[in-house]
>>> print(open('model.txt').read())   # compact mmCIF, C-alpha atoms
# COMPACT_ATOMS: atom_id res chain seq x y z
CA MET V 88 43.83 97.62 148.82
CA ASN V 89 42.49 100.52 146.71
CA ALA V 90 45.15 99.94 144.05
CA HIS V 91 44.22 96.26 143.86
CA PHE V 92 40.54 97.16 143.55
CA THR V 93 41.25 99.64 140.75
CA LYS V 94 43.33 97.14 138.79
CA SER V 95 40.67 94.44 139.19
CA SER V 96 37.93 96.86 138.15
CA ARG V 97 39.82 97.79 134.99
CA PHE V 98 40.33 94.12 134.15
CA LEU V 99 36.64 93.37 134.60
CA THR V 100 35.73 96.36 132.44
CA LEU V 101 37.99 95.11 129.67
CA VAL V 102 36.56 91.58 129.89
CA THR V 103 33.03 92.98 129.71
CA VAL V 104 33.94 95.00 126.63
CA VAL V 105 35.47 91.97 124.89
CA TYR V 106 32.35 89.88 125.47
CA THR V 107 30.19 92.73 124.20
CA LEU V 108 32.29 92.94 121.05
CA VAL V 109 31.70 89.27 120.43
CA THR V 110 27.92 89.70 120.72
CA LEU V 111 28.13 92.50 118.17
CA GLY V 112 29.64 90.06 115.71
CA ALA V 113 33.15 91.48 115.66
CA THR V 114 35.94 88.94 116.07
CA PRO V 115 38.84 90.27 118.22
CA ALA V 116 42.19 89.93 116.52
CA ALA V 117 43.65 88.32 119.62
CA ALA V 118 40.98 85.65 119.95
CA GLN V 119 42.49 82.78 117.97
CA THR V 120 45.30 80.45 118.96
CA THR V 121 47.40 78.85 116.21
CA TYR V 122 49.43 75.65 116.54
CA GLN V 123 52.05 74.87 113.88
CA TYR V 124 53.41 71.41 113.14
CA GLU V 125 56.83 70.73 111.55
CA GLY V 126 57.60 67.12 110.68
CA ASN V 127 60.79 65.40 109.61
CA PRO V 128 61.64 64.66 105.95
CA PHE V 129 60.21 61.50 104.41
CA VAL V 130 62.59 58.55 104.12
CA VAL V 131 60.41 55.87 102.48
CA PHE V 132 58.75 56.24 99.07
CA SER V 133 56.47 54.27 96.74
CA CYS V 134 58.35 52.08 94.29
CA GLY V 135 55.66 50.46 92.18
CA LEU V 136 53.76 47.21 92.52
CA SER V 137 55.01 44.93 95.30
CA SER V 138 56.51 41.52 94.49
CA SER V 139 53.37 39.82 95.84
CA GLY V 140 51.26 41.55 93.21
CA THR V 141 49.12 43.36 95.79
CA GLY V 142 49.96 46.65 97.42
CA THR V 143 52.68 49.21 96.79
CA ALA V 144 56.33 48.47 97.42
CA ASN V 145 58.44 50.90 99.46
CA CYS V 146 62.04 51.95 98.95
CA PRO V 147 64.38 54.73 100.14
CA THR V 148 64.66 56.42 96.72
CA PRO V 149 62.74 59.71 96.29
CA ALA V 150 61.83 61.58 93.11
CA PRO V 151 63.13 62.50 90.62
CA ALA V 152 65.33 59.39 90.52
CA ASN V 153 62.32 57.25 91.41
CA PRO V 154 59.58 57.53 88.73
CA ASN V 155 57.02 55.88 91.01
CA THR V 156 56.75 58.80 93.40
CA SER V 157 56.26 62.55 93.22
CA TYR V 158 57.76 63.07 96.67
CA LEU V 159 61.22 64.60 97.11
CA ALA V 160 63.77 63.94 99.84
CA THR V 161 63.00 67.40 101.26
CA ASP V 162 59.23 66.89 101.52
CA ARG V 163 57.66 66.54 104.96
CA VAL V 164 54.36 67.02 106.76
CA THR V 165 53.54 70.46 108.09
CA GLY V 166 50.27 71.53 109.61
CA THR V 167 48.24 74.31 111.18
CA LEU V 168 45.57 73.92 113.84
CA VAL V 169 43.49 77.01 114.66
CA LEU V 170 41.17 77.32 117.67
CA ASP V 171 39.38 80.23 119.29
CA ALA V 172 41.07 79.46 122.62
CA PRO V 173 44.22 77.58 123.70
CA LEU V 174 43.95 73.88 124.46
CA PRO V 175 43.58 73.21 128.20
CA ALA V 176 46.46 71.82 130.22
CA ASN V 177 46.74 68.08 130.89
CA MET V 178 44.03 67.24 128.37
CA PRO V 179 43.79 63.50 127.56
CA LEU V 180 43.83 62.48 123.91
CA GLN V 181 40.51 63.59 122.43
CA ASP V 182 38.80 64.82 119.29
CA VAL V 183 38.93 68.63 119.04
CA ARG V 184 36.78 69.08 115.93
CA THR V 185 33.93 70.42 118.06
CA PHE V 186 36.16 73.03 119.76
CA ALA V 187 35.24 76.61 118.89
CA GLY V 188 36.99 78.01 115.82
CA PHE V 189 38.41 74.64 114.73
CA ALA V 190 40.29 74.72 111.43
CA LEU V 191 42.94 72.26 110.27
CA THR V 192 45.36 72.39 107.34
CA LEU V 193 48.00 69.81 106.42
CA ASN V 194 50.67 69.90 103.72
CA ASP V 195 53.11 67.19 102.59
CA GLY V 196 55.21 69.17 100.11
CA GLN V 197 53.06 68.03 97.17
CA GLN V 198 49.53 68.91 98.28
CA THR V 199 47.61 70.96 100.80
CA VAL V 200 44.46 69.54 102.37
CA THR V 201 42.08 71.08 104.90
CA ASP V 202 39.21 69.99 107.11
CA GLN V 203 36.96 71.29 104.33
CA ASP V 204 38.45 68.77 101.88
CA ALA V 205 38.19 65.77 104.18
CA VAL V 206 36.19 62.69 103.33
CA GLY V 207 37.69 61.00 106.37
CA MET V 208 39.42 62.85 109.19
CA ALA V 209 40.88 62.51 112.68
CA ALA V 210 41.92 65.45 114.83
CA GLU V 211 42.86 64.15 118.26
CA PHE V 212 45.24 65.89 120.64
CA ALA V 213 46.58 65.55 124.19
CA THR V 214 48.40 68.24 126.16
CA GLY V 215 50.94 68.57 128.96
CA PRO V 216 50.98 70.74 132.10
CA SER V 217 51.51 73.96 130.12
CA GLY V 218 48.91 73.19 127.48
CA GLU V 219 51.58 72.09 125.00
CA ILE V 220 50.63 69.37 122.50
CA THR V 221 52.25 66.11 123.61
CA SER V 222 50.35 63.49 121.63
CA TRP V 223 48.23 63.57 118.49
CA ARG V 224 46.48 61.65 115.74
CA VAL V 225 45.78 63.91 112.77
CA ILE V 226 44.55 62.53 109.45
CA ILE V 227 42.86 64.13 106.45
CA ASN V 228 41.80 61.67 103.74
CA THR V 229 40.41 62.99 100.45
CA GLY V 230 38.65 59.77 99.47
CA PHE V 231 37.76 58.07 96.18
CA PRO V 232 39.19 57.48 93.64
CA LEU V 233 42.81 58.19 94.67
CA ASN V 234 42.41 57.72 98.42
CA GLY V 235 44.91 60.52 98.99
CA GLY V 236 45.63 62.62 102.02
CA VAL V 237 48.12 63.65 104.69
CA ALA V 238 48.60 62.26 108.20
CA THR V 239 50.75 62.69 111.29
CA GLN V 240 50.47 60.77 114.54
CA ASN V 241 52.46 59.73 117.58
CA ALA V 242 49.72 58.15 119.67
CA ALA V 243 49.46 54.40 118.95
CA PHE V 244 52.49 54.61 116.68
CA MET V 245 54.72 57.32 115.18
CA SER V 246 54.36 58.13 111.51
CA ASP V 247 54.05 61.05 109.10
CA SER V 248 52.77 60.29 105.63
CA GLY V 249 51.73 61.92 102.40
CA THR V 250 49.62 60.14 99.80
CA LEU V 251 48.72 61.42 96.36
CA ALA V 252 47.37 58.02 95.25
CA CYS V 253 46.94 54.57 96.80
CA CYS V 254 47.38 51.76 96.13
CA ASP V 255 48.66 49.20 93.63
CA PRO V 256 47.32 47.33 91.72
CA THR V 257 44.04 49.32 91.66
CA VAL V 258 45.72 52.71 91.64
CA PRO V 259 49.47 53.18 91.12
CA GLY V 260 50.78 54.21 94.52
CA ASP V 261 52.28 57.69 94.92
CA LEU V 262 53.21 58.15 98.56
CA ALA V 263 55.91 58.78 101.13
CA ARG V 264 56.42 58.17 104.85
CA VAL V 265 58.70 58.65 107.83
CA SER V 266 58.26 56.53 110.97
CA ASN V 267 59.48 56.75 114.56
CA ALA V 268 60.58 60.36 114.11
CA PRO V 269 57.73 62.62 115.26
CA GLY V 270 57.91 66.34 114.57
CA THR V 271 56.96 69.14 116.94
CA TRP V 272 54.02 71.45 117.55
CA THR V 273 54.57 75.08 118.49
CA VAL V 274 51.94 77.60 119.52
CA SER V 275 51.64 81.21 118.42
CA THR V 276 50.77 83.36 121.41
CA PRO V 277 47.85 85.65 120.60
CA PRO V 278 48.72 89.35 120.69
CA SER V 279 47.78 91.17 123.88
CA GLY V 280 48.04 94.59 125.45
CA PRO V 281 46.89 98.04 124.33
CA ALA V 282 48.04 97.69 120.71
CA ALA V 283 46.06 94.46 120.24
CA ALA V 284 43.05 96.04 121.96
CA VAL V 285 43.13 98.99 119.56
CA ALA V 286 43.34 96.57 116.63
CA ASP V 287 40.28 94.79 118.01
CA LEU V 288 38.43 98.08 118.36
CA ILE V 289 39.19 98.96 114.74
CA LEU V 290 37.45 95.72 113.74
CA VAL V 291 34.45 96.61 115.89
CA VAL V 292 34.13 100.08 114.37
CA GLY V 293 34.01 98.51 110.92
CA ALA V 294 31.53 95.77 111.85
CA PRO V 295 28.18 96.12 109.98
CA SER V 296 26.31 95.48 113.23
CA THR V 297 27.40 98.88 114.60
CA GLY V 298 25.30 100.59 111.92
CA LEU V 299 27.94 103.25 111.19
CA THR V 300 28.20 104.97 107.82
CA THR V 301 31.27 104.64 105.62
CA GLY V 302 32.28 108.18 106.56
CA GLN V 303 31.95 107.49 110.29
CA VAL V 304 33.96 104.29 110.01
CA SER V 305 36.72 106.08 108.07
CA SER V 306 36.93 108.98 110.51
CA LEU V 307 36.95 106.84 113.65
CA THR V 308 39.35 104.32 112.15
CA ASP V 309 41.80 107.11 111.28
CA LYS V 310 41.80 108.21 114.93
CA LEU V 311 42.38 104.66 116.13
CA ASN V 312 45.16 104.06 113.61
CA ASN V 313 46.89 107.20 114.89
CA ALA V 314 46.56 105.91 118.46
CA LEU V 315 47.91 102.53 117.41
CA ALA V 316 50.94 104.13 115.77
CA SER V 317 51.61 106.12 118.94
CA ILE V 318 51.37 103.01 121.14
CA GLU V 319 53.75 101.11 118.89
CA ALA V 320 56.17 104.06 119.10
CA GLY V 321 55.97 104.09 122.91
CA LEU V 322 54.13 107.43 122.98
CA ASN V 323 51.47 106.46 125.49
CA LYS V 324 50.52 110.01 126.49
CA GLN V 325 49.96 110.93 122.86
CA ALA V 326 47.97 107.71 122.35
CA THR V 327 45.79 108.61 125.35
CA ASN V 328 45.04 112.02 123.83
CA GLN V 329 44.15 110.40 120.51
CA LEU V 330 41.85 107.89 122.19
CA GLU V 331 40.18 110.72 124.09
CA ALA V 332 39.64 112.47 120.75
CA PHE V 333 38.05 109.25 119.51
CA ILE V 334 35.75 109.26 122.55
CA ASN V 335 34.80 112.91 121.96
CA SER V 336 33.92 112.14 118.36
CA VAL V 337 31.75 109.19 119.41
CA GLN V 338 29.98 111.29 122.04
CA SER V 339 29.30 114.01 119.47
CA SER V 340 27.79 111.49 117.03
CA ALA V 341 25.57 110.08 119.78
CA LYS V 342 24.31 113.54 120.79
CA THR V 343 23.33 114.40 117.21
CA GLY V 344 21.60 111.07 116.69
CA LYS V 345 24.12 109.84 114.12
CA MET V 346 25.05 106.89 116.31
CA SER V 347 22.94 104.77 118.63
CA ALA V 348 23.46 105.22 122.35
CA ALA V 349 24.27 101.52 122.74
CA THR V 350 26.97 101.59 120.07
CA ALA V 351 28.41 104.81 121.43
CA GLN V 352 28.63 103.41 124.96
CA LEU V 353 30.29 100.24 123.67
CA LEU V 354 32.97 102.19 121.81
CA ILE V 355 33.53 104.59 124.70
CA ASP V 356 33.89 101.74 127.20
CA ALA V 357 36.35 99.97 124.90
CA ALA V 358 38.46 103.10 124.42
CA ASN V 359 38.47 103.84 128.16
CA ALA V 360 39.56 100.25 128.87
CA ILE V 361 42.52 100.76 126.52
CA ILE V 362 43.42 104.07 128.14
CA ALA V 363 43.41 102.30 131.52
CA GLN V 364 46.15 99.99 130.19
CA LEU V 365 48.43 102.82 129.05
>>> encode(input="model.txt", output="structure tokens")
Amino acid sequence: MNAHFTKSSRFLTLVTVVYTLVTLGATPAAAQTTYQYEGNPFVVFSCGLSSSGTGTANCPTPAPANPNTSYLATDRVTGTLVLDAPLPANMPLQDVRTFAGFALTLNDGQQTVTDQDAVGMAAEFATGPSGEITSWRVIINTGFPLNGGVATQNAAFMSDSGTLACCDPTVPGDLARVSNAPGTWTVSTPPSGPAAAVADLILVVGAPSTGLTTGQVSSLTDKLNNALASIEAGLNKQATNQLEAFINSVQSSAKTGKMSAATAQLLIDAANAIIAQL
């Protein structure tokens, strides 16, 4: 019972510290979740004006043999979705552009476009029981005059496409596509544990909102970097001693008025929370 209480207390202390860091304006290194998309190679390419005289014809011949397209047989759609927190499990298809930390980048082998470039955009995702992406509709269109962009979707239909220019006869089409062969999304697990916590604390020490001088930041960061190196080497006792030295230095600065009591307590609580994990 006592052991359970101690473990829970340490967890709550660490959570409290993390939320305090956020209010100070420091972004923890472990906060963001990154999803990576890898599509299949394009198999259909633009081949000039269609026989009807409107629209762009498609054919299976890529560049450089096909002068009507810039896309190669090896080109494909890849993408990166970044959020401050993982997508929830069993989420129905919905727009995630309002989710905290949203950032989207797509590449088709010939161009890279981001949510900052978009004139038109869709960023809809659905997840399975483990929070994995199971369905999506992701489009970034760069607008007039070339109407270019990159897209991947497997919701209403399955298609990855890249467009540098569209479409004949107004604009000579330069595009590529693969259908009915969706790629896959993988998620990068945010770092966790004492090493990640020390990395977070280094960011906090250097945050302008702490009001520390350049000399203070350098001295405290050196101590934390030494502790980080010890943790990564498996020398937890040595790391504990180095973190305690960090705490002593913070306490000394607070006593002499070189650091505010609030900042000192924040840094001490964070360091003690890391020691509790070692």
>>> atom_distance(input="model.txt", atom1="atom CA of V:Thr201", atom2="atom CA of V:Pro128")
20.6 Å
>>> atom_distance(input="model.txt", atom1="atom CA of V:Gly249", atom2="atom CA of V:Gly166")
12.1 Å
>>> residues_around(input="model.txt", residues="V:Glu331", least_positions_apart="5", cutoff="10 Å", atoms="only C-alpha atoms", output="list in words")
Lys310, Ala314, Gln325, Ala326, Ser336, Val337, Ile355, Ala358, Asn359 and Ile362 of chain V
>>> closest_residue(input="model.txt", among="V:Ser137, V:Ser279, V:Thr343, V:Asn194", to="V:Ala238", atoms="all atoms listed in the file")
V:Asn194
>>> atom_distance(input="model.txt", atom1="atom CA of V:Val274", atom2="atom CA of V:Gln123")
6.3 Å
>>> residues_around(input="model.txt", residues="V:Ile318", least_positions_apart="2", cutoff="12 Å", atoms="only C-alpha atoms", output="list in words")
Gly280, Pro281, Ala282, Ala283, Ala284, Val285, Ala286, Leu311, Asn312, Asn313, Ala314, Leu315, Ala316, Ala320, Gly321, Leu322, Asn323, Lys324, Gln325, Ala326, Thr327, Asn328, Gln329, Leu330, Ile361, Ile362, Gln364 and Leu365 of chain V
>>> residues_near_point(input="model.txt", point="(52.5, 58.4, 115.6)", cutoff="9 Å", atoms="only C-alpha atoms", output="ChimeraX atom specification")
/V:222-224,239-247,266-269
>>> closest_residue(input="model.txt", among="V:Ala160, V:Thr250, V:Met346, V:Leu233", to="V:Thr199", atoms="only C-alpha atoms")
V:Thr250
>>> closest_residue(input="model.txt", among="V:Thr156, V:Thr214, V:Thr165, V:Asn335", to="V:Leu262", atoms="only C-alpha atoms")
V:Thr156
>>> axis_aligned_box(input="model.txt", around="stretch 153-161 of chain V", padding_each_side="3 Å", output="lines of an AutoDock Vina configuration file")
center_x = 60.0
center_y = 61.6
center_z = 95.0
size_x = 13.5
size_y = 17.5
size_z = 18.5
>>> residues_around(input="model.txt", residues="V:Phe231", least_positions_apart="3", cutoff="12 Å", atoms="all atoms listed in the file", output="VMD selection string")
chain V and resid 205 to 207 228 234 to 236 251 to 254 257 to 258
>>> closest_residue(input="model.txt", among="V:Gly218, V:Gly188, V:Gly196, V:Pro147", to="V:Gly126", atoms="all atoms listed in the file")
V:Gly196
>>> closest_residue(input="model.txt", among="V:Ser133, V:Leu288, V:Ala209, V:Pro149", to="V:Gln181", atoms="all atoms listed in the file")
V:Ala209
>>> closest_residue(input="model.txt", among="V:Thr300, V:Ser217, V:Thr273, V:Thr161", to="V:Thr148", atoms="all atoms listed in the file")
V:Thr161
>>> closest_atom_pairs(input="model.txt", of="stretch 215-307 of chain V", to="stretch 172-177 of chain V", cutoff="10 Å", atoms="all atoms listed in the file", output="JSON lines")
{"residue": "V:Gly215", "atom": "CA", "partner": "V:Asn177", "partner_atom": "CA", "distance": 4.6}
{"residue": "V:Pro216", "atom": "CA", "partner": "V:Ala176", "partner_atom": "CA", "distance": 5.0}
{"residue": "V:Ser217", "atom": "CA", "partner": "V:Ala176", "partner_atom": "CA", "distance": 5.5}
{"residue": "V:Gly218", "atom": "CA", "partner": "V:Ala176", "partner_atom": "CA", "distance": 3.9}
{"residue": "V:Glu219", "atom": "CA", "partner": "V:Ala176", "partner_atom": "CA", "distance": 7.3}
{"residue": "V:Ile220", "atom": "CA", "partner": "V:Leu174", "partner_atom": "CA", "distance": 8.3}
{"residue": "V:Thr221", "atom": "CA", "partner": "V:Asn177", "partner_atom": "CA", "distance": 9.3}
{"residue": "V:Val274", "atom": "CA", "partner": "V:Pro173", "partner_atom": "CA", "distance": 8.8}
{"residue": "V:Ser275", "atom": "CA", "partner": "V:Pro173", "partner_atom": "CA", "distance": 9.8}
{"residue": "V:Thr276", "atom": "CA", "partner": "V:Pro173", "partner_atom": "CA", "distance": 9.0}
{"residue": "V:Pro277", "atom": "CA", "partner": "V:Pro173", "partner_atom": "CA", "distance": 9.4}
>>> write_last_selection(input="model.txt", atoms="C-alpha atoms", output="mmCIF file, in the frame of the given file")
data_model
loop_
_atom_site.group_PDB
_atom_site.id
_atom_site.type_symbol
_atom_site.label_atom_id
_atom_site.label_comp_id
_atom_site.auth_asym_id
_atom_site.auth_seq_id
_atom_site.Cartn_x
_atom_site.Cartn_y
_atom_site.Cartn_z
ATOM 1 C CA GLY V 215 50.940 68.570 128.960
ATOM 2 C CA PRO V 216 50.980 70.740 132.100
ATOM 3 C CA SER V 217 51.510 73.960 130.120
ATOM 4 C CA GLY V 218 48.910 73.190 127.480
ATOM 5 C CA GLU V 219 51.580 72.090 125.000
ATOM 6 C CA ILE V 220 50.630 69.370 122.500
ATOM 7 C CA THR V 221 52.250 66.110 123.610
ATOM 8 C CA VAL V 274 51.940 77.600 119.520
ATOM 9 C CA SER V 275 51.640 81.210 118.420
ATOM 10 C CA THR V 276 50.770 83.360 121.410
ATOM 11 C CA PRO V 277 47.850 85.650 120.600
#
